[in-house]
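> my_file_6.txt is reproduced in full below (compact mmCIF, C-alpha atoms).
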```
# COMPACT_ATOMS: atom_id res chain seq x y z
CA MET A 1 -79.76 16.70 94.53
CA LEU A 2 -80.70 17.51 90.94
CA ASN A 3 -80.96 14.67 88.51
CA HIS A 4 -78.67 16.35 86.00
CA ARG A 5 -77.42 14.60 82.87
CA GLU A 6 -74.56 16.29 81.08
CA LYS A 7 -75.19 17.05 77.43
CA ARG A 8 -73.37 15.07 74.79
CA ARG A 9 -72.70 15.50 71.12
CA TYR A 10 -72.39 12.78 68.50
CA VAL A 11 -69.87 13.61 65.78
CA ALA A 12 -69.79 11.89 62.37
CA LEU A 13 -66.28 11.75 60.95
CA MET A 14 -65.21 10.93 57.44
CA TYR A 15 -62.00 8.93 57.17
CA ASP A 16 -60.05 7.36 54.35
CA SER A 17 -61.42 3.82 54.32
CA SER A 18 -58.71 2.74 51.87
CA GLY A 19 -56.07 3.76 54.42
CA THR A 20 -54.34 1.52 56.94
CA TYR A 21 -56.37 2.55 59.98
CA GLN A 22 -59.59 0.99 61.26
CA PRO A 23 -62.14 3.17 63.14
CA PHE A 24 -61.09 1.77 66.55
CA GLN A 25 -57.45 2.68 65.78
CA LEU A 26 -58.46 6.17 64.70
CA HIS A 27 -60.51 6.54 67.87
CA GLU A 28 -57.41 5.64 69.86
CA LYS A 29 -55.31 8.14 67.92
CA ILE A 30 -57.83 10.93 68.60
CA GLY A 31 -57.74 10.06 72.30
CA ILE A 32 -53.93 10.19 72.35
CA ARG A 33 -53.90 13.60 70.63
CA PHE A 34 -56.59 14.90 73.00
CA ARG A 35 -54.52 13.76 75.99
CA GLU A 36 -51.32 15.27 74.59
CA LEU A 37 -52.92 18.66 73.96
CA PHE A 38 -55.39 19.06 76.84
CA GLY A 39 -54.37 16.52 79.49
CA ILE A 40 -55.52 13.19 80.87
CA PHE A 41 -58.31 14.48 83.08
CA PRO A 42 -60.17 16.42 80.32
CA MET A 43 -59.68 13.44 78.00
CA GLN A 44 -61.29 11.07 80.50
CA SER A 45 -64.02 13.61 81.34
CA ALA A 46 -64.90 14.02 77.65
CA MET A 47 -66.02 10.35 77.68
CA LEU A 48 -65.14 9.68 74.06
CA LYS A 49 -66.93 6.61 72.72
CA LEU A 50 -66.93 5.03 69.32
CA TYR A 51 -70.25 4.00 67.70
CA ASP A 52 -71.08 1.83 64.74
CA SER A 53 -71.88 3.48 61.44
CA GLU A 54 -73.60 1.95 58.44
CA PHE A 55 -71.43 4.01 56.08
CA ARG A 56 -68.12 2.58 54.97
CA ASN A 57 -66.00 5.71 55.39
CA ILE A 58 -67.88 7.27 58.31
CA MET A 59 -67.27 6.73 62.01
CA ILE A 60 -69.28 8.17 64.88
CA VAL A 61 -67.75 9.38 68.14
CA ARG A 62 -69.59 10.66 71.20
CA CYS A 63 -68.16 13.52 73.29
CA LYS A 64 -69.40 15.59 76.22
CA LEU A 65 -70.58 19.00 75.01
CA LYS A 66 -68.30 20.75 77.53
CA TYR A 67 -65.24 19.27 75.80
CA LEU A 68 -66.46 19.52 72.21
CA ASP A 69 -64.05 22.34 71.29
CA CYS A 70 -61.08 20.39 72.66
CA PHE A 71 -62.26 17.29 70.81
CA LEU A 72 -62.63 19.13 67.50
CA VAL A 73 -59.18 20.72 67.86
CA SER A 74 -57.71 17.29 68.58
CA LEU A 75 -59.44 15.95 65.48
CA ALA A 76 -58.15 18.73 63.26
CA LEU A 77 -54.61 18.14 64.51
CA THR A 78 -54.67 14.35 64.28
CA GLU A 79 -52.80 12.32 61.68
CA PRO A 80 -54.34 10.67 59.59
CA PRO A 81 -56.78 13.47 58.75
CA LEU A 82 -60.47 13.18 59.64
CA THR A 83 -63.26 15.48 58.47
CA VAL A 84 -66.27 16.37 60.60
CA VAL A 85 -69.36 15.68 58.51
CA SER A 86 -72.10 16.36 61.02
CA ILE A 87 -72.65 17.03 64.72
CA SER A 88 -75.85 16.24 66.56
CA GLY A 89 -77.29 15.81 70.04
CA THR A 90 -78.80 12.41 69.24
CA LEU A 91 -77.50 9.40 67.36
CA LYS A 92 -80.75 9.03 65.45
CA LYS A 93 -80.62 12.59 64.13
CA LEU A 94 -76.94 12.30 63.30
CA ARG A 95 -77.49 9.14 61.24
CA LYS A 96 -80.35 10.90 59.44
CA ASN A 97 -78.12 13.91 58.67
CA VAL A 98 -75.33 11.68 57.38
CA SER A 99 -77.65 9.63 55.19
CA LYS A 100 -78.79 12.85 53.48
CA LYS A 101 -75.26 13.33 52.14
CA ASP A 102 -74.22 11.06 49.33
CA PHE A 103 -70.92 9.59 50.44
CA ARG A 104 -70.45 7.25 47.51
CA ASN A 105 -69.76 10.34 45.40
CA ILE A 106 -67.90 12.37 47.97
CA LYS A 107 -65.34 9.62 48.48
CA ASN A 108 -63.94 9.93 44.97
CA ILE A 109 -63.66 13.71 44.74
CA ARG A 110 -60.17 15.17 44.91
CA SER A 111 -59.89 18.89 45.61
CA MET B 112 -66.97 19.77 48.83
CA SER B 113 -67.77 23.12 50.44
CA LYS B 114 -71.19 21.74 51.45
CA LEU B 115 -69.48 18.89 53.26
CA SER B 116 -67.47 21.28 55.45
CA ASP B 117 -70.25 23.89 55.80
CA ILE B 118 -68.03 26.50 54.18
CA ASP B 119 -69.57 28.84 51.59
CA ILE B 120 -66.47 29.48 49.49
CA ILE B 121 -63.35 27.35 49.15
CA GLY B 122 -59.99 28.05 47.54
CA ILE B 123 -58.38 25.56 45.17
CA ASP B 124 -54.87 25.50 43.73
CA SER B 125 -54.51 26.29 40.04
CA GLY B 126 -53.14 22.77 39.39
CA ASN B 127 -56.56 21.31 40.23
CA ALA B 128 -58.54 23.90 38.26
CA ALA B 129 -58.39 21.94 34.99
CA ASN B 130 -60.65 19.23 36.49
CA THR B 131 -63.04 21.70 38.08
CA ASN B 132 -65.99 23.53 36.58
CA PRO B 133 -66.00 27.24 37.38
CA GLN B 134 -68.50 27.69 40.17
CA GLU B 135 -69.61 30.51 42.38
CA ASN B 136 -68.20 28.92 45.55
CA ILE B 137 -64.66 28.36 44.26
CA ILE B 138 -61.77 30.79 44.32
CA LEU B 139 -58.63 29.93 42.43
CA ARG B 140 -55.28 30.30 44.17
CA ILE B 141 -52.57 31.22 41.67
CA GLU B 142 -48.98 32.39 41.91
CA LYS B 143 -49.27 34.81 39.00
CA LYS B 144 -52.06 35.77 36.61
CA ASN B 145 -52.57 33.30 33.77
CA PRO B 146 -55.34 32.62 31.18
CA ILE B 147 -57.27 30.26 33.46
CA ALA B 148 -57.77 33.18 35.86
CA ASP B 149 -60.33 34.63 33.42
CA LEU B 150 -62.67 31.71 34.16
CA PHE B 151 -62.49 31.82 37.93
CA PRO B 152 -62.49 34.37 40.69
CA TYR B 153 -58.88 34.29 41.91
CA LEU B 154 -56.36 35.42 44.48
CA ILE B 155 -52.63 35.72 43.95
CA VAL B 156 -50.81 33.68 46.57
CA ALA B 157 -47.19 33.85 47.73
CA ASP B 158 -45.60 31.29 50.03
CA ASN B 159 -42.59 33.36 51.02
CA VAL B 160 -42.22 36.83 52.53
CA ARG B 161 -39.39 37.54 50.07
CA SER B 162 -41.64 36.92 47.06
CA LEU B 163 -44.24 39.43 48.25
CA ASP B 164 -45.09 42.19 45.77
CA GLY B 165 -47.84 44.71 45.20
CA LYS B 166 -50.06 42.18 43.41
CA THR B 167 -49.98 39.53 46.15
CA ASP B 168 -53.32 39.04 47.89
CA LEU B 169 -52.41 36.20 50.18
CA LEU B 170 -49.25 35.13 51.96
CA VAL B 171 -48.96 31.57 53.29
CA PHE B 172 -47.07 32.04 56.54
CA ASP B 173 -45.41 29.53 58.84
CA PRO B 174 -46.15 30.59 62.45
CA PHE B 175 -42.74 29.33 63.60
CA GLN B 176 -41.00 31.71 61.21
CA GLY B 177 -39.71 35.06 62.52
CA LYS B 178 -42.33 37.78 62.28
CA ASP B 179 -39.95 40.73 61.81
CA ALA B 180 -39.83 40.46 58.01
CA LEU B 181 -43.59 40.14 57.94
CA LYS B 182 -44.02 43.26 60.05
CA ILE B 183 -41.89 45.23 57.58
CA LYS B 184 -43.26 43.84 54.31
CA ALA B 185 -46.94 43.22 55.04
CA LYS B 186 -48.98 45.91 53.38
CA ARG B 187 -52.50 46.95 54.34
CA GLY B 188 -55.15 44.46 53.17
CA LEU B 189 -52.78 41.53 52.70
CA GLY B 190 -54.22 38.17 53.72
CA ILE B 191 -51.95 36.13 55.99
CA GLU B 192 -52.82 32.46 55.76
CA ILE B 193 -51.90 29.83 58.31
CA LEU B 194 -52.19 26.19 57.27
CA VAL B 195 -53.44 23.50 59.64
CA SER B 196 -52.24 20.45 57.66
CA PRO B 197 -48.50 20.66 58.59
CA VAL B 198 -49.42 20.67 62.30
CA ARG B 199 -50.83 17.14 62.14
CA LYS B 200 -47.32 15.79 61.86
CA LEU B 201 -45.93 17.83 64.75
CA ASP B 202 -45.52 16.54 68.30
CA ALA B 203 -47.67 17.81 71.17
CA HIS B 204 -45.23 20.57 72.27
CA LEU B 205 -44.99 22.09 68.81
CA SER B 206 -48.73 21.72 68.19
CA ALA B 207 -49.47 23.59 71.41
CA ARG B 208 -46.92 26.25 70.43
CA TRP B 209 -48.60 26.54 67.05
CA LEU B 210 -51.93 27.20 68.80
CA ARG B 211 -50.24 29.90 70.89
CA GLU B 212 -48.61 31.49 67.83
CA LEU B 213 -52.01 31.73 66.11
CA LYS B 214 -53.10 34.40 68.56
CA SER B 215 -49.88 36.40 68.19
CA ILE B 216 -50.22 36.37 64.38
CA TYR B 217 -53.88 37.36 64.73
CA LEU B 218 -52.84 40.36 66.85
CA LEU B 219 -50.07 41.22 64.39
CA CYS B 220 -52.63 41.15 61.56
CA GLN B 221 -54.91 43.47 63.51
CA SER B 222 -52.15 45.98 64.17
CA ASN B 223 -50.95 45.93 60.51
CA ASP B 224 -54.46 45.99 59.01
CA CYS B 225 -53.94 42.58 57.43
CA GLN B 226 -56.44 39.74 57.21
CA PHE B 227 -55.81 36.67 59.35
CA ILE B 228 -56.86 33.48 57.54
CA LEU B 229 -56.88 29.97 58.93
CA SER B 230 -56.84 27.34 56.21
CA SER B 231 -56.91 23.54 56.14
CA GLY B 232 -54.16 23.28 53.51
CA ALA B 233 -56.07 20.23 52.25
CA THR B 234 -54.94 18.37 49.15
CA SER B 235 -57.84 15.87 49.28
CA THR B 236 -61.41 15.72 50.58
CA ASN B 237 -60.34 13.71 53.60
CA GLU B 238 -58.01 16.49 54.73
CA MET B 239 -60.68 19.17 54.67
CA ILE B 240 -61.65 20.84 57.94
CA SER B 241 -65.23 21.75 58.75
CA ALA B 242 -66.31 25.27 59.66
CA ARG B 243 -67.19 24.08 63.17
CA SER B 244 -63.67 22.68 63.65
CA PHE B 245 -62.15 25.98 62.50
CA GLU B 246 -64.29 27.72 65.11
CA SER B 247 -63.02 25.37 67.81
CA ILE B 248 -59.38 26.00 66.83
CA LEU B 249 -59.99 29.75 66.92
CA ALA B 250 -61.80 29.55 70.25
CA VAL B 251 -59.02 27.48 71.84
CA ALA B 252 -56.44 29.95 70.47
CA GLY B 253 -58.41 32.82 72.05
CA ILE B 254 -59.86 34.32 68.86
CA ASP B 255 -63.58 35.10 68.57
CA PRO B 256 -64.89 32.98 65.64
CA ARG B 257 -67.80 35.33 64.89
CA ILE B 258 -65.45 38.31 64.42
CA TYR B 259 -63.11 36.11 62.35
CA TRP B 260 -65.82 34.99 59.88
CA ARG B 261 -67.24 38.53 59.59
CA LYS B 262 -63.84 40.10 58.88
CA LEU B 263 -62.92 37.32 56.45
CA SER B 264 -66.16 37.85 54.48
CA GLU B 265 -65.56 41.61 54.37
CA TRP B 266 -61.97 41.11 53.21
CA LEU B 267 -62.99 38.63 50.52
CA TYR B 268 -65.68 41.00 49.29
CA SER B 269 -63.13 43.83 49.09
CA LYS B 270 -61.05 41.73 46.66
CA THR B 271 -62.78 42.48 43.36
CA LYS B 272 -60.99 39.76 41.42
CA ALA B 273 -62.16 37.21 43.97
CA ARG B 274 -65.79 37.99 43.15
CA TRP B 275 -67.70 35.70 40.85
CA ARG B 276 -69.49 38.50 38.99
CA TYR B 277 -66.20 39.87 37.69
CA VAL B 278 -65.28 36.60 35.99
CA LYS B 279 -65.10 36.87 32.21
CA SER B 280 -67.57 34.54 30.53
```
Once more with this new file: its structure as structure tokens, please.

Amino acid sequence: MLNHREKRRYVALMYDSSGTYQPFQLHEKIGIRFRELFGIFPMQSAMLKLYDSEFRNIMIVRCKLKYLDCFLVSLALTEPPLTVVSISGTLKKLRKNVSKKDFRNIKNIRS
Amino acid sequence: MSKLSDIDIIGIDSGNAANTNPQENIILRIEKKNPIADLFPYLIVADNVRSLDGKTDLLVFDPFQGKDALKIKAKRGLGIEILVSPVRKLDAHLSARWLRELKSIYLLCQSNDCQFILSSGATSTNEMISARSFESILAVAGIDPRIYWRKLSEWLYSKTKARWRYVKS
């Protein structure tokens, strides 16, 4: 038997930190939307997991690469809105990518 | 803002233009031509099929609306824009139906020589959708993202007034 490890992606999400939801609640909401749109089995198989982030308005979620499209669709169609800031194969690289962007400024911009 | 979502050019509503410096990666969305349009590349946007006229570049269309009027009134080269933001508030059944309708509108656009445009409908930075997320929505709806981006770029380039170099300085 091959020692095969399924690929994962770590997704950094920007959320409204002044809003009523905490990252763990948002993570739950994403899971609910994923389940509603794509079913329970894909949602469980996607192995969504919330990680700590050193940025105030950024949360990190892990997802299996196979279900990344479903995850991103669920994100885009979730209320409250969340914006994908960066996607990476490793947590270390993702945190590096996020730190390159200046979120103190981004937070206050209104389009 | 566009850097954050990995999108080269973003559209902003004319109401927000007063706080924004004219830049190469911004296109103004206006209902009719006004003096501020001289400072920005712009597109004329209509949010109703009935208000369509010869000058309209972009029609914001609700996928749950009947498509018969659109089939009759949509002229060649018209951009048909679908907003993602209203779907966030819909339940699972309607959201899934919205995803299904995307493909039918895409096919309608192809047959009428119109440009299909998927837009975040964002009113703040937090509501913006990244390019990668747009690609996932398109892929799930059965639309090839590469063809979508290529056709959208071509369409945008064909709109002279949406080009930065035609802005009056």
> Considering only C-alpha atoms, return as a list of chain:residue names whatever protein or nucleic-acid residues lie within 12 Å of B:Leu205, sequence-local ones (same chain, fewer than 5 positions apart) excluded.
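Counting only C-alpha atoms, the residues come to A:Glu36, A:Leu37, A:Leu77, B:Pro174, B:Phe175, B:Pro197, B:Val198, B:Arg199, B:Lys200, B:Leu210, B:Arg211, B:Glu212.
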> Please produce a file of the residues just selected, as a CSV table (one decimal), in the coordinates of the input, where the atoms kept are C-alpha atoms.

```csv
chain,number,residue,atom,x,y,z
A,36,GLU,CA,-51.3,15.3,74.6
A,37,LEU,CA,-52.9,18.7,74.0
A,77,LEU,CA,-54.6,18.1,64.5
B,174,PRO,CA,-46.2,30.6,62.4
B,175,PHE,CA,-42.7,29.3,63.6
B,197,PRO,CA,-48.5,20.7,58.6
B,198,VAL,CA,-49.4,20.7,62.3
B,199,ARG,CA,-50.8,17.1,62.1
B,200,LYS,CA,-47.3,15.8,61.9
B,210,LEU,CA,-51.9,27.2,68.8
B,211,ARG,CA,-50.2,29.9,70.9
B,212,GLU,CA,-48.6,31.5,67.8
```
> Show me a table, sorted first by chain and then by increasing residue number, of the residues of chain B having an atom at most 7 Å from chain A, each with its shortest atom pair and the distance in Å to one decimal, counting all atoms listed in the file and written as CSV.

```
residue,atom,partner,partner_atom,distance
B:Leu115,CA,A:Val85,CA,6.2
B:Ser116,CA,A:Val85,CA,6.7
B:Ile123,CA,A:Ser111,CA,6.9
B:Asn127,CA,A:Ser111,CA,6.8
B:Val198,CA,A:Leu77,CA,6.2
B:Arg199,CA,A:Leu77,CA,4.6
B:Lys200,CA,A:Glu79,CA,6.5
B:Ala203,CA,A:Glu36,CA,5.6
B:Ala207,CA,A:Leu37,CA,6.5
B:Thr234,CA,A:Ser111,CA,6.1
B:Ser235,CA,A:Arg110,CA,5.0
B:Thr236,CA,A:Arg110,CA,5.8
B:Asn237,CA,A:Thr83,CA,5.9
B:Glu238,CA,A:Pro81,CA,5.2
B:Met239,CA,A:Thr83,CA,5.9
B:Ile240,CA,A:Thr83,CA,5.6
B:Ser241,CA,A:Val84,CA,5.8
B:Ser244,CA,A:Leu72,CA,5.3
B:Ser247,CA,A:Asp69,CA,4.7
B:Ile248,CA,A:Val73,CA,5.4
```
> Output C-alpha atoms of each residue in that selection to a file, as an mmCIF file, in the coordinates of the input.

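Produced file selection_34.cif, reproduced below:
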```cif
data_model
loop_
_atom_site.group_PDB
_atom_site.id
_atom_site.type_symbol
_atom_site.label_atom_id
_atom_site.label_comp_id
_atom_site.auth_asym_id
_atom_site.auth_seq_id
_atom_site.Cartn_x
_atom_site.Cartn_y
_atom_site.Cartn_z
ATOM 1 C CA LEU B 115 -69.480 18.890 53.260
ATOM 2 C CA SER B 116 -67.470 21.280 55.450
ATOM 3 C CA ILE B 123 -58.380 25.560 45.170
ATOM 4 C CA ASN B 127 -56.560 21.310 40.230
ATOM 5 C CA VAL B 198 -49.420 20.670 62.300
ATOM 6 C CA ARG B 199 -50.830 17.140 62.140
ATOM 7 C CA LYS B 200 -47.320 15.790 61.860
ATOM 8 C CA ALA B 203 -47.670 17.810 71.170
ATOM 9 C CA ALA B 207 -49.470 23.590 71.410
ATOM 10 C CA THR B 234 -54.940 18.370 49.150
ATOM 11 C CA SER B 235 -57.840 15.870 49.280
ATOM 12 C CA THR B 236 -61.410 15.720 50.580
ATOM 13 C CA ASN B 237 -60.340 13.710 53.600
ATOM 14 C CA GLU B 238 -58.010 16.490 54.730
ATOM 15 C CA MET B 239 -60.680 19.170 54.670
ATOM 16 C CA ILE B 240 -61.650 20.840 57.940
ATOM 17 C CA SER B 241 -65.230 21.750 58.750
ATOM 18 C CA SER B 244 -63.670 22.680 63.650
ATOM 19 C CA SER B 247 -63.020 25.370 67.810
ATOM 20 C CA ILE B 248 -59.380 26.000 66.830
#
```
> Please identify all polymer residues lying at most 12 Å from the point (-40.9, 46.3, 54.6) (file coordinates), using only C-alpha atoms, and present the result as a PyMOL selection string.
chain B and resi 160-161+163-165+178-187+223
> Quick one: pull the distance between atom CA of B:Leu154 and atom CA of B:Leu139, Å, one decimal.
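Atom-to-atom, atom CA of B:Leu154 to atom CA of B:Leu139, that is 6.3 Å.
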> Point out the residue among B:Tyr259, B:Phe172, B:Trp209, B:Phe227 with the least atom-to-atom distance to B:Ala242, counting all atoms listed in the file.
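Selected residue with least distance to B:Ala242: B:Tyr259.
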